[in-house]
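Take a look at the structure set out below.
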Amino acid sequence: MDMAARFIDIHVVQSVPFANLNRDDTNSVKTVQYGGVLRTRVSSQSWKRAVRGEFESRIGQAALRTRRIGERVTHLLAEERGWPQGLAERAGAHTAAASSIKFELAKDSKDPKQTVTNKVLTNAMVYVPESAVAELAGLAEEHRAALEAAKDIKKPADKSVLPTDRVEAVLRSRNGVINLFGRMLAEVDNAGVDGAVQVAHALTTHETDVELDYFSAVDDVTATWGDQTGSGHMGHTEFSAGTFYRYATIDLRDLARNIGDNPGELRELTAAFLSAFILSLPQAKKNSTAPHTIPDLAHISVRTDRPLSYAAAFESPVSAAGQGGFAGRSRTTLAEYAEVANGLLGTGAILTAGWAGVDEKDLDGLGTRHAGFDALIDAALTSALATRPGGAA
């Protein structure tokens, strides 16, 4: 009997020009000290959000993470189903108040000491399929008479007239997005979903410097008709550039458990994630930097034992080539480390390994070369799904 695939590891080397893909609370480039030098970093949360957007587009499903689920219901009822605005707001508030999730009233924008009737915020963010909004609106329509007779939600102690069990059943619903990425919602029984994907923080393979970009903006009226010179606004922003190593792994057994016995969906979701991971890019500062590169290299391995990151390949920072550039040496370093690491573990747990990238020479440590990213993904999935994850074919 063939060993069953458990993990699909994906490794990416990608050069990104002058950009600020991920900022901290002071608008500074995120960094990390690794190997004794400063690297540019993009948090896993930031890149995962970009991946999720691309993933949703590919599978035609979307998920909604929000504390304002009641306001979405209000908007749908008022704008699309013709409810009076006041009744729609009451329905949205009763929807948000109907679950076991604690809630609060939103503050008045003009007077923060005052709350707004029927504008309910759940204390925990719900994470539901986009279609859940329509389901909750449909539930409100079923109970329209009760809502018309109900009181407004004015304080956290107020009770909803909508059935808690049915609202929470909608909050437990899931789709491919939630089955892959998981969901944390402890306030509702049995709503949690263990994610099947783990994503590492991206970091540059080499030392980087953060640069300050001084800018000014011209006031068009002053410049054309005024009698003043100079700019209308001045400021500065941080940027950096570099070659990043990115890594993620999919636990096929966890994903199969989340979706049930559905090999077609298992392949669709896995393929969509791998493509999305390769091609996604965080969108911060995109209008002023347009850093829309693609990876120099993508490497995928299918394993039966455990995930294996190659981040340690870059603990000693890559040095620039003779005439400059880190990308080529980063790809070579990755391949050399992969060969050594897999030699230490033994290659018996690798069902298949391959790569696609810009190199003209072979990178033997990364397995079989493929002509493009799609061919690489297809080969990995053909091997991985030849047997059931965690069991026999």
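Every chain in the structure tokens has a letter given in the order shown (A, B, ...), and although residue numbers restart at 1 in each chain, ligands are simply numbered from 1 in the order shown.
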
Can you list, as a short mmCIF file (atom, residue, chain, number, x, y, z; two decimals) with all heavy atoms, in the first residue's frame, every protein, DNA or RNA residue that comes within 12 Å of Arg144 in chain A when you count only C-alpha atoms, leaving out same-chain residues fewer than 2 positions away?
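Result file follows (selection_13.cif):
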data_model
loop_
_atom_site.label_atom_id
_atom_site.label_comp_id
_atom_site.auth_asym_id
_atom_site.auth_seq_id
_atom_site.Cartn_x
_atom_site.Cartn_y
_atom_site.Cartn_z
N LEU A 77 -31.85 44.23 3.88
CA LEU A 77 -33.30 44.37 4.01
C LEU A 77 -33.79 45.70 3.47
O LEU A 77 -34.81 45.77 2.78
CB LEU A 77 -33.71 44.21 5.48
CG LEU A 77 -33.54 42.81 6.09
CD1 LEU A 77 -33.82 42.86 7.58
CD2 LEU A 77 -34.48 41.81 5.40
N TRP A 83 -37.57 46.93 2.86
CA TRP A 83 -38.04 47.19 4.22
C TRP A 83 -37.89 48.67 4.57
O TRP A 83 -36.93 49.32 4.12
CB TRP A 83 -37.22 46.37 5.23
CG TRP A 83 -37.62 44.93 5.34
CD1 TRP A 83 -37.92 44.08 4.32
CD2 TRP A 83 -37.71 44.17 6.54
NE1 TRP A 83 -38.19 42.83 4.80
CE2 TRP A 83 -38.08 42.85 6.17
CE3 TRP A 83 -37.53 44.45 7.89
CZ2 TRP A 83 -38.26 41.83 7.10
CZ3 TRP A 83 -37.69 43.43 8.82
CH2 TRP A 83 -38.07 42.14 8.44
N PRO A 84 -38.77 49.20 5.38
CA PRO A 84 -38.56 50.56 5.91
C PRO A 84 -37.25 50.62 6.69
O PRO A 84 -36.88 49.66 7.37
CB PRO A 84 -39.76 50.77 6.84
CG PRO A 84 -40.79 49.80 6.39
CD PRO A 84 -40.04 48.61 5.87
N LEU A 87 -37.33 49.77 10.50
CA LEU A 87 -37.58 48.37 10.79
C LEU A 87 -36.38 47.51 10.40
O LEU A 87 -36.04 46.55 11.10
CB LEU A 87 -38.83 47.89 10.05
CG LEU A 87 -39.25 46.44 10.31
CD1 LEU A 87 -39.52 46.20 11.79
CD2 LEU A 87 -40.48 46.08 9.46
N ALA A 88 -35.74 47.86 9.31
CA ALA A 88 -34.54 47.12 8.90
C ALA A 88 -33.43 47.26 9.94
O ALA A 88 -32.72 46.29 10.23
CB ALA A 88 -34.06 47.63 7.54
N ARG A 90 -33.87 47.76 13.15
CA ARG A 90 -34.27 46.95 14.30
C ARG A 90 -34.00 45.48 14.03
O ARG A 90 -33.50 44.75 14.89
CB ARG A 90 -35.75 47.16 14.61
CG ARG A 90 -36.23 46.35 15.83
CD ARG A 90 -37.73 46.49 16.03
NE ARG A 90 -38.10 47.87 16.30
CZ ARG A 90 -39.36 48.33 16.25
NH1 ARG A 90 -40.34 47.52 15.90
NH2 ARG A 90 -39.62 49.58 16.53
N ALA A 91 -34.31 45.03 12.82
CA ALA A 91 -34.08 43.63 12.47
C ALA A 91 -32.60 43.29 12.52
O ALA A 91 -32.21 42.23 13.03
CB ALA A 91 -34.64 43.35 11.07
N GLY A 92 -31.75 44.18 12.00
CA GLY A 92 -30.31 43.94 12.05
C GLY A 92 -29.81 43.86 13.48
O GLY A 92 -28.99 43.00 13.82
N HIS A 94 -31.56 43.06 16.19
CA HIS A 94 -32.06 41.84 16.83
C HIS A 94 -31.29 40.61 16.31
O HIS A 94 -31.07 39.66 17.07
CB HIS A 94 -33.56 41.68 16.58
CG HIS A 94 -34.40 42.43 17.57
ND1 HIS A 94 -35.00 41.83 18.65
CD2 HIS A 94 -34.71 43.75 17.66
CE1 HIS A 94 -35.66 42.73 19.35
NE2 HIS A 94 -35.50 43.92 18.77
N THR A 95 -30.88 40.64 15.06
CA THR A 95 -30.08 39.53 14.52
C THR A 95 -28.74 39.42 15.25
O THR A 95 -28.33 38.34 15.68
CB THR A 95 -29.82 39.74 13.02
OG1 THR A 95 -31.06 39.78 12.31
CG2 THR A 95 -28.96 38.63 12.45
N ALA A 137 -31.10 37.49 6.80
CA ALA A 137 -32.17 38.38 6.34
C ALA A 137 -33.44 37.59 6.11
O ALA A 137 -34.56 38.07 6.42
CB ALA A 137 -31.74 39.10 5.07
N GLY A 138 -33.32 36.38 5.57
CA GLY A 138 -34.49 35.54 5.37
C GLY A 138 -35.15 35.16 6.68
O GLY A 138 -36.39 35.11 6.79
N LEU A 139 -34.33 34.92 7.70
CA LEU A 139 -34.87 34.62 9.03
C LEU A 139 -35.63 35.82 9.58
O LEU A 139 -36.71 35.66 10.19
CB LEU A 139 -33.72 34.23 9.96
CG LEU A 139 -34.09 33.83 11.38
CD1 LEU A 139 -34.99 32.60 11.39
CD2 LEU A 139 -32.82 33.56 12.20
N ALA A 140 -35.10 37.01 9.36
CA ALA A 140 -35.80 38.21 9.81
C ALA A 140 -37.15 38.35 9.10
O ALA A 140 -38.15 38.74 9.71
CB ALA A 140 -34.94 39.44 9.55
N GLU A 141 -37.17 38.02 7.81
CA GLU A 141 -38.44 38.10 7.08
C GLU A 141 -39.47 37.12 7.62
O GLU A 141 -40.67 37.43 7.68
CB GLU A 141 -38.19 37.86 5.59
CG GLU A 141 -37.44 39.02 4.93
CD GLU A 141 -37.44 38.91 3.42
OE1 GLU A 141 -37.05 37.84 2.92
OE2 GLU A 141 -37.82 39.90 2.77
N GLU A 142 -39.03 35.94 8.02
CA GLU A 142 -39.95 34.98 8.63
C GLU A 142 -40.58 35.53 9.90
O GLU A 142 -41.72 35.20 10.23
CB GLU A 142 -39.21 33.68 8.97
CG GLU A 142 -38.85 32.80 7.80
CD GLU A 142 -38.20 31.52 8.28
OE1 GLU A 142 -38.66 30.96 9.31
OE2 GLU A 142 -37.21 31.08 7.67
N ALA A 146 -43.07 39.68 14.45
CA ALA A 146 -42.50 39.79 15.79
C ALA A 146 -41.56 40.98 15.89
O ALA A 146 -41.53 41.68 16.93
CB ALA A 146 -41.76 38.50 16.14
N LEU A 147 -40.81 41.25 14.83
CA LEU A 147 -39.91 42.39 14.83
C LEU A 147 -40.69 43.71 14.81
O LEU A 147 -40.28 44.69 15.46
CB LEU A 147 -38.97 42.32 13.63
CG LEU A 147 -37.88 41.23 13.71
CD1 LEU A 147 -37.25 41.01 12.34
CD2 LEU A 147 -36.82 41.61 14.74
N GLU A 148 -41.79 43.75 14.10
CA GLU A 148 -42.61 44.98 14.08
C GLU A 148 -43.17 45.28 15.46
O GLU A 148 -43.32 46.46 15.83
CB GLU A 148 -43.73 44.82 13.06
CG GLU A 148 -43.24 44.85 11.62
CD GLU A 148 -44.35 44.55 10.62
OE1 GLU A 148 -45.34 43.87 11.00
OE2 GLU A 148 -44.22 44.98 9.46
N ALA A 149 -43.45 44.23 16.23
CA ALA A 149 -44.00 44.43 17.56
C ALA A 149 -42.93 44.56 18.63
O ALA A 149 -43.22 44.94 19.77
CB ALA A 149 -44.93 43.25 17.91
N ALA A 150 -41.69 44.28 18.28
CA ALA A 150 -40.61 44.25 19.27
C ALA A 150 -40.13 45.65 19.62
O ALA A 150 -40.40 46.63 18.91
CB ALA A 150 -39.44 43.43 18.73
N VAL A 161 -35.90 39.01 19.73
CA VAL A 161 -37.10 38.20 19.50
C VAL A 161 -36.83 37.09 18.47
O VAL A 161 -37.71 36.27 18.21
CB VAL A 161 -38.28 39.07 19.03
CG1 VAL A 161 -38.64 40.10 20.10
CG2 VAL A 161 -37.97 39.74 17.70
N LEU A 162 -35.64 37.08 17.88
CA LEU A 162 -35.31 36.05 16.90
C LEU A 162 -34.80 34.80 17.60
O LEU A 162 -34.18 34.89 18.68
CB LEU A 162 -34.26 36.57 15.93
CG LEU A 162 -34.68 37.76 15.06
CD1 LEU A 162 -33.53 38.20 14.16
CD2 LEU A 162 -35.90 37.41 14.21
#

Go through range 207-319 of chain A and flag each residue having an atom no more than 9 Å from range 329-352 of chain A; for those, report the closest pair of atoms plus their distance in Å to one decimal, using only C-alpha atoms, ordered by chain and rising number, as CSV.
residue,atom,partner,partner_atom,distance
A:Thr243,CA,A:Ser330,CA,7.8
A:Phe244,CA,A:Ser330,CA,8.9
A:Tyr245,CA,A:Ser330,CA,8.5
A:Asp296,CA,A:Arg331,CA,8.1
A:Leu297,CA,A:Arg331,CA,7.1
A:Ile300,CA,A:Thr352,CA,8.3
A:Ser301,CA,A:Thr352,CA,5.7
A:Val302,CA,A:Thr352,CA,5.4
A:Arg303,CA,A:Ile350,CA,4.6
A:Thr304,CA,A:Ala349,CA,5.1
A:Asp305,CA,A:Ala349,CA,5.8
A:Arg306,CA,A:Ala349,CA,8.6
A:Leu308,CA,A:Ala341,CA,8.8
A:Tyr310,CA,A:Ala338,CA,6.7
A:Ala311,CA,A:Leu334,CA,8.6
A:Ala312,CA,A:Tyr337,CA,8.2
A:Ala313,CA,A:Tyr337,CA,5.6
A:Phe314,CA,A:Thr333,CA,7.7
A:Val318,CA,A:Ser330,CA,6.5
A:Ser319,CA,A:Arg329,CA,7.7

So that each row is one residue of range 94-210 of chain A with an atom at most 12 Å from range 16-27 of chain A, can you give its shortest atom pair and the distance in Å to one decimal, using only C-alpha atoms, rows by chain and rising number, as JSON lines?
{"residue": "A:His201", "atom": "CA", "partner": "A:Asn22", "partner_atom": "CA", "distance": 11.0}
{"residue": "A:Ala202", "atom": "CA", "partner": "A:Asn22", "partner_atom": "CA", "distance": 10.5}
{"residue": "A:Leu203", "atom": "CA", "partner": "A:Val16", "partner_atom": "CA", "distance": 11.2}
{"residue": "A:Thr204", "atom": "CA", "partner": "A:Val16", "partner_atom": "CA", "distance": 9.6}
{"residue": "A:Thr205", "atom": "CA", "partner": "A:Val16", "partner_atom": "CA", "distance": 11.8}
{"residue": "A:Thr208", "atom": "CA", "partner": "A:Phe18", "partner_atom": "CA", "distance": 11.6}
{"residue": "A:Asp209", "atom": "CA", "partner": "A:Phe18", "partner_atom": "CA", "distance": 11.2}
{"residue": "A:Val210", "atom": "CA", "partner": "A:Asn20", "partner_atom": "CA", "distance": 9.7}

Could you save those same residues with N, CA and C atoms as an mmCIF file, in the first residue's frame?
data_model
loop_
_atom_site.group_PDB
_atom_site.id
_atom_site.type_symbol
_atom_site.label_atom_id
_atom_site.label_comp_id
_atom_site.auth_asym_id
_atom_site.auth_seq_id
_atom_site.Cartn_x
_atom_site.Cartn_y
_atom_site.Cartn_z
ATOM 1 N N HIS A 201 5.628 34.030 8.386
ATOM 2 C CA HIS A 201 5.978 35.406 8.053
ATOM 3 C C HIS A 201 7.013 35.374 6.923
ATOM 4 N N ALA A 202 6.827 36.227 5.955
ATOM 5 C CA ALA A 202 7.816 36.350 4.884
ATOM 6 C C ALA A 202 8.948 37.251 5.367
ATOM 7 N N LEU A 203 10.170 36.908 4.996
ATOM 8 C CA LEU A 203 11.299 37.757 5.369
ATOM 9 C C LEU A 203 12.326 37.741 4.247
ATOM 10 N N THR A 204 13.094 38.813 4.184
ATOM 11 C CA THR A 204 14.107 38.884 3.133
ATOM 12 C C THR A 204 15.235 37.907 3.429
ATOM 13 N N THR A 205 15.812 37.390 2.383
ATOM 14 C CA THR A 205 16.895 36.412 2.521
ATOM 15 C C THR A 205 18.219 37.080 2.868
ATOM 16 N N THR A 208 18.555 44.112 4.991
ATOM 17 C CA THR A 208 17.932 45.224 4.273
ATOM 18 C C THR A 208 18.025 46.510 5.091
ATOM 19 N N ASP A 209 17.951 47.603 4.389
ATOM 20 C CA ASP A 209 17.867 48.922 5.014
ATOM 21 C C ASP A 209 16.486 49.499 4.738
ATOM 22 N N VAL A 210 15.952 50.169 5.737
ATOM 23 C CA VAL A 210 14.689 50.885 5.551
ATOM 24 C C VAL A 210 15.015 52.307 5.119
#

Using only C-alpha atoms, which residue out of A:Ala196, A:Ala5, A:Ala298, A:Ala320 lies closest to Gly354 in chain A?
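Of the candidates, the smallest distance to Gly354 in chain A is held by A:Ala298.
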
List the spatial neighbours of range 66-74 of chain A as number ranges by chain - criterion: any atom at most 7 Å away, only C-alpha atoms, same-chain residues fewer than 4 positions off excluded.
A: 78, 88-89, 91-93, 95-96, 120-127, 133, 136-137

If we count only C-alpha atoms, what is near Ala106 in chain A at a cut-off of 8 Å, once residues fewer than 2 positions away on the same chain are taken out, given as a list in words?
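Returned residues: Glu104, Asp108, Thr115, Val116, Lys119, Val120 and Leu121 of chain A.
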
If you run DSSP on the backbone, which residues of range 18-216 of chain A are alpha helix (DSSP H), as a PyMOL selection string?
chain A and resi 44-59+69-80+85-97+132-142+144-149+164-172+176-181

What gap, in Å, lies between CA of Asn258 in chain A and CA of Met184 in chain A?
14.1 Å

Spatial neighbours of Leu376 in chain A, 12 Å, only C-alpha atoms, chain gap at least 3 places, as a PyMOL selection string:
chain A and resi 10+271+274-275+278+297-302+352-357+366-373+379-383

With a distance cut-off of 9 Å and only C-alpha atoms, select the neighbouring residues of range 51-64 of chain A, excluding the residue or stretch itself and same-chain residues fewer than 6 positions from it, and output the selection as an MDAnalysis selection string.
chainID A and resid 126:132 174:178 181 268:269 272:282

Same residues, C-alpha atoms, output as a short mmCIF file (atom, residue, chain, number, x, y, z; two decimals), in the first residue's frame:
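Output (selection_7.cif):
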data_model
loop_
_atom_site.label_atom_id
_atom_site.label_comp_id
_atom_site.auth_asym_id
_atom_site.auth_seq_id
_atom_site.Cartn_x
_atom_site.Cartn_y
_atom_site.Cartn_z
CA VAL A 126 -18.03 36.47 13.38
CA TYR A 127 -16.57 34.72 10.36
CA VAL A 128 -19.24 33.34 8.07
CA PRO A 129 -19.86 32.63 4.39
CA GLU A 130 -21.01 35.72 2.52
CA SER A 131 -24.26 33.87 1.86
CA ALA A 132 -24.98 33.88 5.61
CA ARG A 174 -19.07 27.35 6.48
CA ASN A 175 -17.78 27.19 2.95
CA GLY A 176 -14.50 26.37 1.24
CA VAL A 177 -12.81 29.50 2.58
CA ILE A 178 -13.56 28.65 6.20
CA PHE A 181 -8.36 28.80 6.66
CA GLU A 268 -10.13 22.27 -6.03
CA LEU A 269 -9.43 23.98 -2.71
CA ALA A 272 -6.73 27.27 -5.58
CA PHE A 273 -4.70 27.89 -2.43
CA LEU A 274 -1.38 26.95 -4.05
CA SER A 275 -2.09 29.24 -7.01
CA ALA A 276 -3.25 32.04 -4.74
CA PHE A 277 -0.18 31.73 -2.54
CA ILE A 278 2.15 31.94 -5.52
CA LEU A 279 0.47 34.90 -7.21
CA SER A 280 -0.85 37.04 -4.35
CA LEU A 281 0.76 40.24 -3.10
CA PRO A 282 -0.31 42.51 -0.21
#

Could you tell me how far CA of Gly264 in chain A sits from CA of Ser44 in chain A, in Å to one decimal place?
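Pair CA of Ser44 in chain A / CA of Gly264 in chain A returns 28.0 Å.
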
Where does DSSP see strand (DSSP E) in range 117-164 of chain A, if you list the residues as an MDAnalysis selection string?
chainID A and resid 117:122 126:129

Taking only C-alpha atoms into account, name the residue in A:Val29, A:Ala186, A:Ala97, A:Ala145 that is nearest to Ala157 in chain A.
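Counting only C-alpha atoms, the residue closest to Ala157 in chain A is A:Ala97.
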
Choose the residue, out of A:Asp261, A:Asp152, A:Asp194, A:Glu315, that has the smallest atom-to-atom separation from Leu38 in chain A; count only C-alpha atoms.
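Ranking A:Asp261, A:Asp152, A:Asp194, A:Glu315 by distance to Leu38 in chain A, first place goes to A:Glu315.
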
Considering only C-alpha atoms, state which residue in the set A:Asn118, A:Thr164, A:Gly195, A:Arg41 is at the smallest distance from Lys151 in chain A.
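Going through A:Asn118, A:Thr164, A:Gly195, A:Arg41 one by one, the smallest distance to Lys151 in chain A is for A:Asn118.
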